[in-house]
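**Student:** Pasting a structure below so you can have a look.
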Amino acid sequence: MTIRLFLFLLSGIIVFQLSSCSDAPSNFGVDILNSDFIVLDTLDTTKDSVAQTSSTFKTVIPLGASQNLLVGKKDNVNASFLIKFLFPLTDSIKTDISSGAVTIIEAKVNLINTYQFGDSSAAFDITAHNVTSDWSSIGFTSDSLSNLFYDFANVSSSLNITDSIKTFNLDVNLVEAWFQSVIDTTLNNNKGLYVKSSSISQRVLGFQAKTSFLINQPELQVIVNKPGVYTDTLTFFPEADVSIIDGNLPAIGPENIALQSGIVVNSKLWFDISSLPKNAIINRAKLFLKTDSLLTIKGTNLIDAISVSNIVDSSTKIIDSTLSQEILLPDGNSYSGLVTTFVQTWLNTGKNEGMLLAPSGGIDGVDLFVFKGSKVTVFADRPKLEIIYTTKK
């Protein structure tokens with residue numbers, strides 16, 4: 001009896017399942033299964049004879065927000081910086097300086113090394129100069145140098161670059177003049193230092209710039225002595241500082257494109273996607289850039305990534321503020337990353353002005369990224385845009 005009941009129930013279940021399977025699928029399921037409705041396809045710009053263009057250009061921007069103060073020379077780069085120290089002197093020190101009771105024994109600038117570009121054994125030397133014109137870290141660029149005035153005399157000495165903290169001494173007479181301008185504000189002597197590379201330098205060093213914290217930022221240590229009373233070390237921090245990077249486009253050849261921090265060198269890249277169906281849905285679009293490893297030079301502590309932005313005006317290189325930047329990361333001998341939203345936007349709007357390529361660490365160093373461009377004779381080495389898309393028939 002138990003066996004018969006079990007067989008009866010089992011047969012009922014099977015009949016129920018068979019009747020369920022015989023029901024027609026939903027309309028959605030029919031659409032998915034109909035191969036005439038959805039078409040999946042791929043566009044590979046290096047295989048499908050897609051036209052492309054690329055170009056490299058220089059943009060002069062202020063570097064006041066940079067985390068590093070850069071100085072030195074290498075290839076196309078000439079880096080220097082401005083720095084002005086703040087002197088909150090106590091009333092007792094002011095009195096002793098005014099009366100001539102205090103002597104400045106030594107003044108030394110301390111800089112925390114944070115970055116290097118070029119061979120660590122290459123020559124490096126600097127000079128420091130008293131600035132005689134006003135300046136501001138806001139908006140100051142290499143174009144502003146023509147309006148900067150400073151004394152020809154080098155006021156630095158005893159440069160030490162063997163330790164992680166780089167130091168150089170300052171002329172004590174200059175520091176005394178700065179102190180006097182605190183006591184007598186009509187003197188207005190303190191306009192800071194211009195620190196630049198000497199002619200022998202073949203590398204660039206970076207130092208921690210002014211921050212909201214006192215840790216690791218530049219400092220000026222001044223040893224003062226009042227005979228028979230005290231010897232004291234006074235420490236001062238920057239009121240303002242800014243790097244200035246001057247230089248031409250890097251020598252990369254006509255077939256390559258380049259990105260370089262600091263100067264700033266960016267590139268524009270454009271693909272003709274007119275062969276894509278207008279109603280295409282972009283499932284994935286991936287950009288590949290092949291590295292020219294012989295010409296690429298990376299500094300220490302760099303952000304090893306490339307930022308890609310959608311351009312809305314190719315003549316002015318204005319980027320689309322409504323779309324987030326995309327990132328290309330190292331991928332073997334290339335850099336690659338997704339640019340799906342850009343391609344879909346081009347299709348949706350019918351406007352394709354190309355993409356702007358820039359170093360992700362655009363103002364903190366002088367790293368040079370060189371890639372094969374659109375004029376390279378080997379098609380496989382050109383920038384590649386690989387698009388996977390679907391369309392309705």
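For the structure tokens, the naming scheme is as follows: chains receive sequential letters (A, B, ...) according to their order of presentation, residues are indexed from 1 within each chain, and ligands are indexed from 1 in presentation order.
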List every residue of region 14-166 of chain A that DSSP, applied to the backbone, labels as strand (DSSP E), and write the result as a PyMOL selection string.
**Tutor:** chain A and resi 38-44+52-58+68-74+77-85+103-117+126-130+156-160+165-166
**Student:** Would you mind listing what lies within 8 Å of region 264-278 of chain A as an MDAnalysis selection string, with only C-alpha atoms counted and same-chain residues fewer than 5 positions away left out?
**Tutor:** chainID A and resid 43 45 50:61 249 257:259 347:348 352:359 362:363 385 391
**Student:** CA of Thr349 (chain A) and CA of Thr322 (chain A) are how many Å apart?
**Tutor:**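 Value for the CA of Thr349 (chain A)-CA of Thr322 (chain A) distance: 13.4 Å.
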